[in-house]
>>> print(open('run21.cif').read())   # mmCIF, C-alpha atoms
data_input
loop_
_atom_site.label_atom_id
_atom_site.label_comp_id
_atom_site.auth_asym_id
_atom_site.auth_seq_id
_atom_site.Cartn_x
_atom_site.Cartn_y
_atom_site.Cartn_z
CA MET P 1 -61.98 13.00 -5.18
CA SER P 2 -62.79 9.27 -5.05
CA PHE P 3 -63.91 7.49 -1.90
CA SER P 4 -60.63 5.51 -1.50
CA TYR P 5 -58.42 8.59 -1.92
CA PHE P 6 -60.51 10.63 0.53
CA VAL P 7 -60.45 8.01 3.29
CA ALA P 8 -56.74 7.18 2.69
CA ASN P 9 -55.87 10.87 3.06
CA ARG P 10 -57.78 11.12 6.32
CA ILE P 11 -56.31 8.03 8.00
CA THR P 12 -52.77 8.67 6.76
CA PHE P 13 -52.19 12.36 7.41
CA LYS P 14 -54.93 13.38 9.86
CA SER P 15 -54.97 10.40 12.20
CA LYS P 16 -54.77 11.18 15.93
CA ARG P 17 -53.76 7.68 16.98
CA THR P 18 -50.33 7.89 18.57
CA PHE P 19 -49.23 4.27 18.11
CA SER P 20 -50.01 4.07 14.41
CA LYS P 21 -48.33 7.44 13.86
CA LEU P 22 -45.14 6.07 15.42
CA ILE P 23 -45.21 2.93 13.25
CA VAL P 24 -45.89 5.00 10.13
CA ARG P 25 -42.93 7.27 10.89
CA ILE P 26 -40.67 4.26 11.43
CA ALA P 27 -41.80 2.84 8.08
CA ILE P 28 -41.10 6.13 6.31
CA ILE P 29 -37.66 6.38 7.91
CA GLY P 30 -36.94 2.77 6.92
CA ILE P 31 -37.79 3.46 3.28
CA MET P 32 -35.80 6.71 3.36
CA LEU P 33 -32.69 5.02 4.73
CA GLY P 34 -33.06 1.98 2.49
CA LEU P 35 -33.45 4.00 -0.72
CA GLY P 36 -30.73 6.46 0.34
CA VAL P 37 -28.27 3.64 0.97
CA MET P 38 -29.13 2.04 -2.39
CA ILE P 39 -28.54 5.32 -4.23
CA LEU P 40 -25.24 5.89 -2.44
CA SER P 41 -24.12 2.29 -3.02
CA LEU P 42 -24.69 2.55 -6.77
CA ALA P 43 -23.02 5.98 -6.94
CA ILE P 44 -19.97 4.86 -4.92
CA VAL P 45 -19.43 1.65 -6.91
CA ARG P 46 -19.86 3.48 -10.22
CA GLY P 47 -17.51 6.26 -9.06
CA PHE P 48 -14.98 3.75 -7.72
CA LYS P 49 -14.88 1.81 -10.98
CA GLN P 50 -14.70 5.02 -13.02
CA GLU P 51 -11.81 6.50 -10.99
CA ILE P 52 -9.67 3.36 -11.14
CA ARG P 53 -10.44 2.77 -14.81
CA GLU P 54 -9.46 6.35 -15.70
CA LYS P 55 -6.22 6.07 -13.74
CA ILE P 56 -5.17 2.93 -15.59
CA ARG P 57 -6.25 4.39 -18.93
CA GLY P 58 -4.35 7.59 -18.15
CA PHE P 59 -1.13 5.66 -17.61
CA SER P 60 -1.22 2.89 -20.21
CA GLY P 61 -3.80 4.02 -22.76
CA ASP P 62 -6.85 2.06 -23.87
CA LEU P 63 -4.98 -0.28 -26.20
CA GLN P 64 -1.34 -1.18 -26.66
CA VAL P 65 0.20 -2.29 -29.94
CA ILE P 66 3.37 -4.36 -29.61
CA LYS P 67 5.29 -6.87 -31.67
CA PHE P 68 3.55 -10.25 -31.95
CA ASP P 69 6.11 -12.67 -30.49
CA LEU P 70 6.77 -14.79 -27.40
CA ASN P 71 8.42 -11.98 -25.45
CA ASN P 72 6.70 -11.66 -22.05
CA SER P 73 9.41 -9.60 -20.33
CA ASN P 74 9.31 -5.94 -19.30
CA GLU P 75 11.56 -5.08 -22.24
CA ASN P 76 9.69 -4.70 -25.54
CA SER P 77 10.79 -6.27 -28.78
CA PRO P 78 11.56 -3.43 -31.22
CA PHE P 79 9.91 -2.70 -34.55
CA PRO P 80 10.13 0.27 -36.94
CA ALA P 81 7.68 3.11 -36.34
CA ASP P 82 4.98 3.01 -39.01
CA PRO P 83 3.56 6.47 -39.92
CA LYS P 84 1.11 4.87 -42.37
CA PHE P 85 -0.45 2.79 -39.60
CA VAL P 86 -0.71 5.88 -37.35
CA LYS P 87 -2.40 7.84 -40.14
CA LYS P 88 -4.94 5.07 -40.78
CA ALA P 89 -5.69 4.71 -37.06
CA ILE P 90 -6.20 8.42 -36.43
CA ALA P 91 -8.53 8.62 -39.44
CA ASN P 92 -11.07 6.58 -37.43
CA ASN P 93 -13.24 8.76 -35.16
CA LEU P 94 -12.99 6.17 -32.38
CA ILE P 95 -9.24 6.76 -31.98
CA THR P 96 -7.92 10.04 -30.57
CA LYS P 97 -4.20 9.39 -29.92
CA VAL P 98 -1.50 6.98 -31.11
CA MET P 99 1.73 7.44 -29.13
CA PRO P 100 5.02 5.48 -29.35
CA PHE P 101 6.58 4.07 -26.20
CA ALA P 102 9.17 1.55 -25.00
CA THR P 103 10.02 -0.06 -21.65
CA LYS P 104 13.26 -1.24 -20.09
CA PRO P 105 14.01 -2.63 -16.61
CA GLY P 106 16.56 -0.85 -14.49
CA ILE P 107 17.88 -0.39 -10.96
CA ILE P 108 17.91 3.03 -9.30
CA LYS P 109 20.68 3.80 -6.82
CA ALA P 110 20.21 6.80 -4.53
CA ASN P 111 21.16 7.65 -0.93
CA THR P 112 22.77 4.21 -0.42
CA GLU P 113 19.42 2.63 -1.37
CA ILE P 114 18.52 0.66 -4.50
CA GLU P 115 15.16 0.04 -6.17
CA GLY P 116 14.18 -2.12 -9.14
CA VAL P 117 11.99 -0.23 -11.62
CA VAL P 118 10.81 -0.27 -15.23
CA LEU P 119 11.71 2.77 -17.31
CA LYS P 120 8.88 3.74 -19.64
CA GLY P 121 10.11 5.86 -22.52
CA VAL P 122 7.84 8.33 -24.34
CA ASP P 123 8.36 11.13 -26.84
CA LYS P 124 7.01 14.63 -27.52
CA ALA P 125 3.75 13.20 -28.93
CA TYR P 126 2.79 11.78 -25.53
CA ASP P 127 -0.46 13.04 -24.01
CA TRP P 128 0.39 14.44 -20.55
CA THR P 129 -3.20 15.39 -19.61
CA PHE P 130 -3.66 12.73 -16.94
CA PHE P 131 -0.08 12.97 -15.67
CA LYS P 132 -0.48 16.69 -15.02
CA LYS P 133 -3.49 15.95 -12.79
CA SER P 134 -1.43 13.37 -10.87
CA MET P 135 1.73 15.45 -10.32
CA VAL P 136 2.66 15.90 -6.67
CA ALA P 137 5.74 18.05 -7.32
CA GLY P 138 7.69 19.35 -10.29
CA ASN P 139 6.60 19.12 -13.92
CA VAL P 140 6.32 16.61 -16.74
CA LEU P 141 9.19 15.99 -19.15
CA ASP P 142 10.24 18.87 -21.39
CA PHE P 143 11.08 17.76 -24.94
CA THR P 144 11.96 21.21 -26.28
CA ASP P 145 15.61 20.44 -25.52
CA THR P 146 16.32 16.89 -26.74
CA VAL P 147 19.65 16.75 -24.88
CA LYS P 148 18.14 17.67 -21.50
CA SER P 149 15.09 15.44 -21.99
CA LYS P 150 17.33 12.34 -22.04
CA LYS P 151 18.55 13.23 -18.53
CA GLN P 152 15.11 13.94 -17.02
CA LEU P 153 13.04 11.41 -15.10
CA LEU P 154 9.60 11.27 -13.52
CA ILE P 155 9.24 9.02 -10.48
CA SER P 156 6.28 8.14 -8.27
CA GLN P 157 5.70 9.39 -4.76
CA SER P 158 6.06 5.80 -3.55
CA ILE P 159 9.57 5.46 -5.04
CA ALA P 160 10.52 8.96 -3.89
CA ASP P 161 9.54 8.12 -0.30
CA ARG P 162 11.48 4.84 -0.26
CA LEU P 163 14.61 6.38 -1.76
CA LYS P 164 14.23 9.75 0.05
CA LEU P 165 14.22 11.72 -3.20
CA LYS P 166 12.79 15.08 -4.21
CA VAL P 167 12.54 17.19 -7.35
CA GLY P 168 15.98 18.29 -8.56
CA ASP P 169 17.89 15.36 -7.00
CA LYS P 170 20.29 13.39 -9.17
CA ILE P 171 20.25 9.60 -9.28
CA LEU P 172 22.01 6.75 -11.07
CA MET P 173 20.07 4.08 -12.93
CA TYR P 174 21.79 0.84 -13.91
CA PHE P 175 20.60 -1.28 -16.84
CA VAL P 176 21.47 -4.96 -16.60
CA GLN P 177 22.79 -5.94 -20.02
CA VAL P 178 26.03 -6.82 -21.70
CA PRO P 179 27.93 -4.63 -21.23
CA LEU P 180 26.41 -3.16 -18.04
CA ARG P 181 25.30 0.42 -18.60
CA PHE P 182 24.21 3.24 -16.33
CA ARG P 183 22.93 6.78 -16.73
CA GLN P 184 22.59 9.76 -14.43
CA PHE P 185 19.16 11.40 -14.25
CA THR P 186 17.68 14.50 -12.64
CA ILE P 187 14.28 14.16 -11.00
CA LYS P 188 12.02 16.41 -13.08
CA GLY P 189 8.77 15.60 -11.32
CA ILE P 190 7.00 13.30 -8.86
CA PHE P 191 3.60 11.75 -9.62
CA SER P 192 1.10 9.67 -7.67
CA PHE P 193 -1.54 7.53 -9.39
CA GLY P 194 -2.55 5.65 -6.25
CA ILE P 195 -2.34 2.33 -8.14
CA ASP P 196 0.30 0.19 -6.48
CA GLU P 197 1.09 -1.79 -9.64
CA VAL P 198 2.08 1.46 -11.36
CA ASP P 199 3.54 3.58 -8.54
CA ARG P 200 5.89 0.89 -7.25
CA THR P 201 7.13 -0.16 -10.69
CA TYR P 202 7.34 2.59 -13.32
CA VAL P 203 9.44 5.69 -13.91
CA ILE P 204 9.07 7.87 -17.00
CA GLY P 205 11.84 9.00 -19.33
CA ASP P 206 12.76 9.72 -22.95
CA ILE P 207 12.17 6.91 -25.46
CA SER P 208 15.27 7.92 -27.43
CA LEU P 209 17.42 6.95 -24.44
CA ILE P 210 15.99 3.41 -24.49
CA ASN P 211 16.62 3.29 -28.24
CA ARG P 212 20.30 4.09 -27.69
CA LEU P 213 20.74 1.78 -24.69
CA ASN P 214 19.32 -1.15 -26.66
CA ASP P 215 21.30 -0.32 -29.80
CA TRP P 216 18.10 -0.25 -31.81
CA GLU P 217 17.98 1.13 -35.32
CA PRO P 218 16.93 4.80 -35.61
CA GLY P 219 13.15 5.08 -35.54
CA GLU P 220 12.55 1.75 -33.81
CA ILE P 221 10.10 1.73 -30.89
CA GLY P 222 8.70 -0.78 -28.40
CA GLY P 223 5.02 -0.22 -29.12
CA TYR P 224 2.13 2.21 -29.49
CA GLU P 225 -0.31 3.41 -26.84
CA VAL P 226 -3.73 4.07 -28.33
CA LYS P 227 -6.41 6.21 -26.72
CA ILE P 228 -10.04 6.02 -27.78
CA ALA P 229 -12.92 8.46 -27.49
CA ASP P 230 -15.45 6.06 -25.91
CA PHE P 231 -14.35 3.34 -23.51
CA ASP P 232 -17.64 1.48 -23.98
CA ARG P 233 -16.71 0.94 -27.65
CA MET P 234 -13.42 -0.74 -26.79
CA ASP P 235 -14.22 -3.95 -28.69
CA GLU P 236 -15.12 -1.97 -31.80
CA ALA P 237 -11.87 0.01 -31.64
CA SER P 238 -9.82 -3.15 -31.07
CA ALA P 239 -11.45 -4.88 -34.03
CA PHE P 240 -10.70 -1.89 -36.26
CA LEU P 241 -7.05 -1.80 -35.19
CA ASP P 242 -6.65 -5.46 -36.09
CA THR P 243 -7.71 -4.65 -39.66
CA VAL P 244 -5.06 -1.94 -40.16
CA LEU P 245 -2.17 -3.38 -38.09
CA PRO P 246 0.96 -4.56 -39.90
CA ILE P 247 1.15 -8.35 -39.93
CA LYS P 248 3.83 -8.63 -37.20
CA LEU P 249 2.01 -6.45 -34.66
CA LYS P 250 -0.75 -7.27 -32.16
CA SER P 251 -3.08 -5.06 -30.08
CA TYR P 252 -4.08 -5.69 -26.46
CA THR P 253 -6.81 -3.87 -24.51
CA VAL P 254 -6.25 -2.30 -21.11
CA MET P 255 -8.55 -4.99 -19.62
CA GLU P 256 -6.21 -7.70 -20.91
CA ASN P 257 -3.08 -5.95 -19.64
CA TYR P 258 -4.60 -5.31 -16.18
CA SER P 259 -6.96 -8.29 -16.04
CA THR P 260 -6.62 -8.75 -12.25
CA ILE P 261 -7.74 -5.20 -11.46
CA PHE P 262 -10.66 -5.28 -13.89
CA ALA P 263 -11.76 -8.70 -12.62
CA TRP P 264 -11.74 -7.27 -9.09
CA LEU P 265 -13.82 -4.29 -10.23
CA GLY P 266 -16.31 -6.72 -11.75
CA LEU P 267 -16.79 -8.37 -8.35
CA LEU P 268 -18.00 -5.06 -6.90
CA ASP P 269 -21.24 -5.42 -8.84
CA GLY P 270 -22.03 -8.54 -6.81
CA ASN P 271 -21.56 -6.65 -3.55
CA THR P 272 -23.84 -3.89 -4.80
CA ASN P 273 -26.57 -6.38 -5.67
CA VAL P 274 -26.44 -7.80 -2.13
CA VAL P 275 -26.87 -4.30 -0.66
CA LEU P 276 -29.80 -3.55 -2.97
CA VAL P 277 -31.57 -6.79 -2.03
CA LEU P 278 -31.05 -6.29 1.71
CA MET P 279 -32.23 -2.66 1.68
CA THR P 280 -35.29 -3.58 -0.38
CA ILE P 281 -36.16 -6.34 2.09
CA VAL P 282 -35.86 -3.89 5.00
CA ALA P 283 -38.15 -1.38 3.25
CA VAL P 284 -40.73 -4.08 2.42
CA ILE P 285 -40.79 -5.47 5.98
CA ASN P 286 -41.27 -1.97 7.39
CA MET P 287 -44.16 -1.24 5.05
CA ILE P 288 -45.87 -4.60 5.65
CA SER P 289 -45.64 -4.05 9.42
CA ALA P 290 -47.01 -0.52 9.13
CA LEU P 291 -49.91 -1.58 6.89
CA LEU P 292 -50.89 -4.52 9.13
CA ILE P 293 -50.96 -2.27 12.20
CA MET P 294 -53.01 0.34 10.33
CA ILE P 295 -55.53 -2.33 9.29
CA LEU P 296 -55.78 -3.77 12.81
CA GLU P 297 -56.24 -0.31 14.32
CA ARG P 298 -58.92 0.46 11.77
CA THR P 299 -60.84 -2.82 12.21
CA ALA P 300 -63.92 -1.03 13.53
CA MET P 301 -63.81 1.48 10.67
CA ILE P 302 -63.57 -1.37 8.17
CA GLY P 303 -66.63 -3.04 9.73
CA ILE P 304 -68.65 0.19 9.57
CA LEU P 305 -67.65 0.79 5.95
CA LYS P 306 -68.68 -2.76 5.03
CA ALA P 307 -71.98 -2.32 6.86
CA MET P 308 -72.58 0.84 4.82
CA GLY P 309 -72.04 -1.13 1.60
CA ALA P 310 -68.34 -0.66 0.84
CA THR P 311 -66.81 -3.58 -1.01
CA ASN P 312 -63.61 -5.39 -0.05
CA GLY P 313 -61.96 -3.98 -3.15
CA SER P 314 -62.78 -0.37 -2.31
CA ILE P 315 -61.54 -0.78 1.27
CA GLN P 316 -58.37 -2.48 0.04
CA ALA P 317 -57.90 0.50 -2.29
CA VAL P 318 -58.03 2.78 0.76
CA PHE P 319 -55.09 1.04 2.39
CA PHE P 320 -53.31 0.69 -0.94
CA ASN P 321 -53.51 4.46 -1.44
CA SER P 322 -52.40 5.01 2.15
CA ALA P 323 -49.38 2.77 1.56
CA PHE P 324 -48.65 4.62 -1.69
CA TYR P 325 -48.60 7.95 0.19
CA LEU P 326 -46.21 6.60 2.80
CA ILE P 327 -43.92 4.90 0.27
CA GLY P 328 -43.90 8.04 -1.88
CA LEU P 329 -42.97 10.25 1.08
CA GLY P 330 -40.25 7.82 2.17
CA MET P 331 -38.83 7.68 -1.36
CA LEU P 332 -38.83 11.47 -1.65
CA LEU P 333 -36.90 11.78 1.60
CA GLY P 334 -34.63 8.88 0.52
CA ASN P 335 -33.72 10.65 -2.72
CA ILE P 336 -32.98 13.87 -0.86
CA PHE P 337 -30.89 11.97 1.68
CA GLY P 338 -28.94 9.82 -0.82
CA ILE P 339 -28.34 12.48 -3.46
CA GLY P 340 -27.61 15.14 -0.84
CA ILE P 341 -24.94 13.04 0.92
CA GLY P 342 -23.49 12.08 -2.47
CA LEU P 343 -23.23 15.69 -3.68
CA LEU P 344 -21.68 16.74 -0.37
CA GLN P 345 -19.02 14.02 -0.68
CA SER P 346 -18.46 14.76 -4.36
CA HIS P 347 -17.67 18.43 -3.66
CA THR P 348 -15.84 18.16 -0.33
CA HIS P 349 -14.27 14.64 -0.27
CA ILE P 350 -14.99 14.64 3.45
CA LEU P 351 -14.98 10.82 3.65
CA LYS P 352 -11.40 9.57 3.25
CA LEU P 353 -9.94 6.19 2.27
CA ASP P 354 -6.58 4.48 2.69
CA GLN P 355 -4.99 4.98 -0.72
CA ALA P 356 -2.72 1.95 -0.32
CA SER P 357 -5.76 -0.31 -0.04
CA TYR P 358 -8.35 1.41 -2.26
CA TYR P 359 -6.20 3.13 -4.95
CA MET P 360 -7.57 6.55 -3.96
CA ASN P 361 -7.70 8.73 -0.85
CA PHE P 362 -11.42 9.62 -0.86
CA VAL P 363 -14.78 7.95 -1.46
CA PRO P 364 -15.65 8.61 -5.14
CA ILE P 365 -19.20 9.44 -6.21
CA GLN P 366 -20.69 9.24 -9.70
CA PHE P 367 -24.44 9.60 -10.17
CA ASN P 368 -26.19 8.12 -13.18
CA TRP P 369 -29.76 9.16 -14.02
CA GLU P 370 -30.57 5.72 -15.34
CA ASP P 371 -29.54 4.16 -12.01
CA LEU P 372 -31.63 6.67 -10.05
CA ILE P 373 -34.73 6.10 -12.17
CA LEU P 374 -34.45 2.30 -12.10
CA VAL P 375 -33.83 2.06 -8.35
CA ASN P 376 -36.82 4.35 -7.65
CA ILE P 377 -39.13 2.47 -9.98
CA GLY P 378 -37.92 -0.87 -8.61
CA THR P 379 -38.39 0.19 -4.99
CA LEU P 380 -41.88 1.55 -5.63
CA GLY P 381 -42.94 -1.50 -7.63
CA ILE P 382 -41.64 -4.07 -5.14
CA CYS P 383 -43.05 -2.26 -2.10
CA MET P 384 -46.48 -1.80 -3.69
CA ALA P 385 -46.54 -5.44 -4.84
CA ALA P 386 -45.68 -6.53 -1.29
CA MET P 387 -48.75 -4.61 -0.01
CA VAL P 388 -51.14 -6.99 -1.80
CA VAL P 389 -50.89 -9.78 0.79
CA PRO P 390 -51.47 -7.72 3.99
CA SER P 391 -54.30 -5.74 2.31
CA MET P 392 -56.13 -9.05 1.73
CA LEU P 393 -56.69 -9.18 5.49
CA VAL P 394 -59.55 -6.73 4.87
CA ALA P 395 -61.61 -9.54 3.27
CA LYS P 396 -61.38 -11.60 6.45
CA ILE P 397 -63.00 -8.92 8.58
CA THR P 398 -66.80 -9.23 9.02
CA PRO P 399 -68.93 -6.18 9.92
CA VAL P 400 -70.48 -7.71 13.05
CA LYS P 401 -67.22 -8.83 14.65
CA ALA P 402 -65.44 -5.64 13.63
CA ILE P 403 -68.05 -3.37 15.21
CA ARG P 404 -67.97 -5.47 18.41
CA PHE P 405 -64.18 -5.23 18.33
CA LYS P 406 -64.56 -1.49 18.78
#
>>> encode(input="run21.cif", output="structure tokens")
Amino acid sequence: MSFSYFVANRITFKSKRTFSKLIVRIAIIGIMLGLGVMILSLAIVRGFKQEIREKIRGFSGDLQVIKFDLNNSNENSPFPADPKFVKKAIANNLITKVMPFATKPGIIKANTEIEGVVLKGVDKAYDWTFFKKSMVAGNVLDFTDTVKSKKQLLISQSIADRLKLKVGDKILMYFVQVPLRFRQFTIKGIFSFGIDEVDRTYVIGDISLINRLNDWEPGEIGGYEVKIADFDRMDEASAFLDTVLPIKLKSYTVMENYSTIFAWLGLLDGNTNVVLVLMTIVAVINMISALLIMILERTAMIGILKAMGATNGSIQAVFFNSAFYLIGLGMLLGNIFGIGIGLLQSHTHILKLDQASYYMNFVPIQFNWEDLILVNIGTLGICMAAMVVPSMLVAKITPVKAIRFK
């Protein structure tokens, strides 16, 4: 064992000085809390962005293909379904689903109350995976009976609460057109995405009903929802679709359709950076304070070591190693604290949120090994670099004055 490691071990873990022990413990706790908060901040922001992104993707798909025109209303311009396009799209490994849909505004009347909504029509090819996870009551649409499916409707919990509806209730929906038309529906199921823009606006029905209400030609649809295998390759999937799309169609990504929400999610990264900087500053200040006090308390020891021939560099190495021990212990405890709290929340959802404000009713957690490694390496590097300046105080101490100081 080298001289610097031996002395650092003695003064760090076997010191009997009460004051320095207290300062050292405070420094360790500061690093533990700082690193733990940084780990939790990254995990919460990543989980928050992931949960909201998956909810929006689950409802509207990753890309939407609609007719390329000046129509900006909630009622799609029709175009004939194109099996050749669907076949070409599915042939690409990036694309997992291509599903037809159409939308049409309407007004629901129930229990003397009315509510403006947008009817989203889908068919038997629709992927119900995410809807089934979001169902509060009832079931998704059943397309085995095409007659019954036209009379079934899925509504959100938000709409159900406002109109005092439950599964099995019958409602009337009016469609403002010439001539005015209305249809009676039975509530097949109630869902809750937690995203206000979706829950307050959309109900789900059969696309064939919209086709008949709009007097479209048989086989005409309002658009395609496209789901991809890897969200991070969105640009690649969008570029591919543009090469196989018929000339009158245009694709839009989920980020373009919900630009406000994704812009808001992007701002969360700025908040996370502020937390990381503040926690790092706290950890550095704690360690600098602890190291300065350790050096001042060991002034006499430094003088004796210098008188015995120890160089400034070797004595600085002693305090560097001591700081490394303390930072390492604080980081170990910080990882246990941060990851432990995160795993507890991930499995129990003990910390709740207001769903109306945050789009979900619990604090989401998503750990990423790359984040954990980088934040640990960054914390260790910054804290050790910050130790250079206070350790230089050793060079200012002369043996004669230090021994007298004792």
>>> closest_residue(input="run21.cif", among="P:Gly309, P:Lys164, P:Pro246, P:Asp232", to="P:Gln50", atoms="all atoms listed in the file")
P:Asp232
>>> closest_residue(input="run21.cif", among="P:Ile28, P:Val277, P:Val244, P:Leu42", to="P:Phe324", atoms="only C-alpha atoms")
P:Ile28
>>> axis_aligned_box(input="run21.cif", around="stretch 74-90 of chain P", padding_each_side="3 Å", output="lines of an AutoDock Vina configuration file")
center_x = 2.7
center_y = 1.1
center_z = -30.8
size_x = 23.8
size_y = 20.7
size_z = 29.1
>>> resolve_selection(input="run21.cif", expression="the PyMOL selection byres ((chain P and resi 83) around 12)", output="list in words")
Pro80, Ala81, Asp82, Lys84, Phe85, Val86, Lys87, Lys88, Ala89, Ile90, Val98, Met99, Pro100, Gly219, Glu220, Tyr224, Leu245 and Pro246 of chain P
>>> closest_residue(input="run21.cif", among="P:Glu75, P:Glu197, P:Glu370, P:Glu236", to="P:Thr103", atoms="only C-alpha atoms")
P:Glu75
>>> closest_residue(input="run21.cif", among="P:Leu343, P:Val284, P:Ser314, P:Ala102", to="P:Gly381", atoms="only C-alpha atoms")
P:Val284
>>> residues_around(input="run21.cif", residues="P:Leu33", least_positions_apart="4", cutoff="10 Å", atoms="all atoms listed in the file", output="list of chain:residue names")
P:Ala27, P:Ile28, P:Ile29, P:Val37, P:Met38, P:Ile39, P:Met279, P:Val282, P:Ala283, P:Gly330, P:Met331, P:Leu333, P:Gly334, P:Asn335, P:Phe337, P:Gly338
>>> atom_distance(input="run21.cif", atom1="atom CA of P:Leu278", atom2="atom CA of P:Leu374")
16.6 Å
>>> residues_near_point(input="run21.cif", point="(15.4, 3.7, -21.0)", cutoff="6 Å", atoms="only C-alpha atoms", output="MDAnalysis selection string")
chainID P and resid 104 119 121 209:210
>>> closest_residue(input="run21.cif", among="P:Ala43, P:Val24, P:Arg162, P:Val178", to="P:Val375", atoms="all atoms listed in the file")
P:Ala43
>>> residues_around(input="run21.cif", residues="stretch 126-138 of chain P", least_positions_apart="2", cutoff="8 Å", atoms="all atoms listed in the file", output="PDB file with C-alpha atoms, in the coordinates of the input")
ATOM      1  CA  LYS P  55      -6.220   6.070 -13.740  1.00  0.00           C
ATOM      2  CA  GLY P  58      -4.350   7.590 -18.150  1.00  0.00           C
ATOM      3  CA  PHE P  59      -1.130   5.660 -17.610  1.00  0.00           C
ATOM      4  CA  LYS P  97      -4.200   9.390 -29.920  1.00  0.00           C
ATOM      5  CA  MET P  99       1.730   7.440 -29.130  1.00  0.00           C
ATOM      6  CA  PRO P 100       5.020   5.480 -29.350  1.00  0.00           C
ATOM      7  CA  VAL P 122       7.840   8.330 -24.340  1.00  0.00           C
ATOM      8  CA  ASP P 123       8.360  11.130 -26.840  1.00  0.00           C
ATOM      9  CA  LYS P 124       7.010  14.630 -27.520  1.00  0.00           C
ATOM     10  CA  VAL P 140       6.320  16.610 -16.740  1.00  0.00           C
ATOM     11  CA  GLN P 157       5.700   9.390  -4.760  1.00  0.00           C
ATOM     12  CA  VAL P 167      12.540  17.190  -7.350  1.00  0.00           C
ATOM     13  CA  LYS P 188      12.020  16.410 -13.080  1.00  0.00           C
ATOM     14  CA  GLY P 189       8.770  15.600 -11.320  1.00  0.00           C
ATOM     15  CA  ILE P 190       7.000  13.300  -8.860  1.00  0.00           C
ATOM     16  CA  PHE P 191       3.600  11.750  -9.620  1.00  0.00           C
ATOM     17  CA  SER P 192       1.100   9.670  -7.670  1.00  0.00           C
ATOM     18  CA  PHE P 193      -1.540   7.530  -9.390  1.00  0.00           C
TER      19      PHE P 193
END
>>> atom_distance(input="run21.cif", atom1="atom CA of P:Ala307", atom2="atom CA of P:Phe320")
20.5 Å
>>> resolve_selection(input="run21.cif", expression="the PyMOL selection byres ((chain P and resi 237) around 10)", output="ChimeraX atom specification")
/P:62-63,89,92-95,226-236,238-242,253
>>> closest_residue(input="run21.cif", among="P:Lys170, P:Arg57, P:Lys248, P:Lys306", to="P:Asn111", atoms="only C-alpha atoms")
P:Lys170
>>> atom_distance(input="run21.cif", atom1="atom CA of P:Tyr174", atom2="atom CA of P:Val254")
29.1 Å
>>> decode(input="run21.cif", residues="stretch 83-95 of chain P", atoms="N, CA and C atoms", output="PDB file, in the first residue's frame")
ATOM      1  N   PRO P  83     -55.004  -0.613 -51.383  1.00  0.00           N
ATOM      2  CA  PRO P  83     -54.334  -1.824 -50.876  1.00  0.00           C
ATOM      3  C   PRO P  83     -52.883  -1.927 -51.323  1.00  0.00           C
ATOM      4  N   LYS P  84     -52.548  -1.402 -52.504  1.00  0.00           N
ATOM      5  CA  LYS P  84     -51.172  -1.476 -52.989  1.00  0.00           C
ATOM      6  C   LYS P  84     -50.236  -0.657 -52.098  1.00  0.00           C
ATOM      7  N   PHE P  85     -50.714   0.529 -51.710  1.00  0.00           N
ATOM      8  CA  PHE P  85     -49.910   1.360 -50.807  1.00  0.00           C
ATOM      9  C   PHE P  85     -49.707   0.643 -49.478  1.00  0.00           C
ATOM     10  N   VAL P  86     -50.773   0.057 -48.934  1.00  0.00           N
ATOM     11  CA  VAL P  86     -50.685  -0.647 -47.649  1.00  0.00           C
ATOM     12  C   VAL P  86     -49.678  -1.792 -47.740  1.00  0.00           C
ATOM     13  N   LYS P  87     -49.719  -2.530 -48.844  1.00  0.00           N
ATOM     14  CA  LYS P  87     -48.805  -3.659 -49.022  1.00  0.00           C
ATOM     15  C   LYS P  87     -47.355  -3.189 -49.082  1.00  0.00           C
ATOM     16  N   LYS P  88     -47.097  -2.103 -49.801  1.00  0.00           N
ATOM     17  CA  LYS P  88     -45.737  -1.562 -49.891  1.00  0.00           C
ATOM     18  C   LYS P  88     -45.250  -1.064 -48.523  1.00  0.00           C
ATOM     19  N   ALA P  89     -46.141  -0.415 -47.779  1.00  0.00           N
ATOM     20  CA  ALA P  89     -45.754   0.129 -46.472  1.00  0.00           C
ATOM     21  C   ALA P  89     -45.418  -0.987 -45.490  1.00  0.00           C
ATOM     22  N   ILE P  90     -46.260  -1.993 -45.418  1.00  0.00           N
ATOM     23  CA  ILE P  90     -46.052  -3.093 -44.475  1.00  0.00           C
ATOM     24  C   ILE P  90     -44.793  -3.889 -44.823  1.00  0.00           C
ATOM     25  N   ALA P  91     -44.402  -3.868 -46.080  1.00  0.00           N
ATOM     26  CA  ALA P  91     -43.199  -4.608 -46.498  1.00  0.00           C
ATOM     27  C   ALA P  91     -41.938  -4.048 -45.850  1.00  0.00           C
ATOM     28  N   ASN P  92     -41.978  -2.788 -45.403  1.00  0.00           N
ATOM     29  CA  ASN P  92     -40.836  -2.179 -44.731  1.00  0.00           C
ATOM     30  C   ASN P  92     -40.844  -2.582 -43.256  1.00  0.00           C
ATOM     31  N   ASN P  93     -39.697  -3.037 -42.743  1.00  0.00           N
ATOM     32  CA  ASN P  93     -39.619  -3.501 -41.354  1.00  0.00           C
ATOM     33  C   ASN P  93     -39.882  -2.405 -40.336  1.00  0.00           C
ATOM     34  N   LEU P  94     -39.745  -1.141 -40.741  1.00  0.00           N
ATOM     35  CA  LEU P  94     -40.008  -0.035 -39.820  1.00  0.00           C
ATOM     36  C   LEU P  94     -41.486   0.079 -39.476  1.00  0.00           C
ATOM     37  N   ILE P  95     -42.359  -0.323 -40.387  1.00  0.00           N
ATOM     38  CA  ILE P  95     -43.805  -0.112 -40.248  1.00  0.00           C
ATOM     39  C   ILE P  95     -44.493  -1.400 -39.809  1.00  0.00           C
TER      40      ILE P  95
END
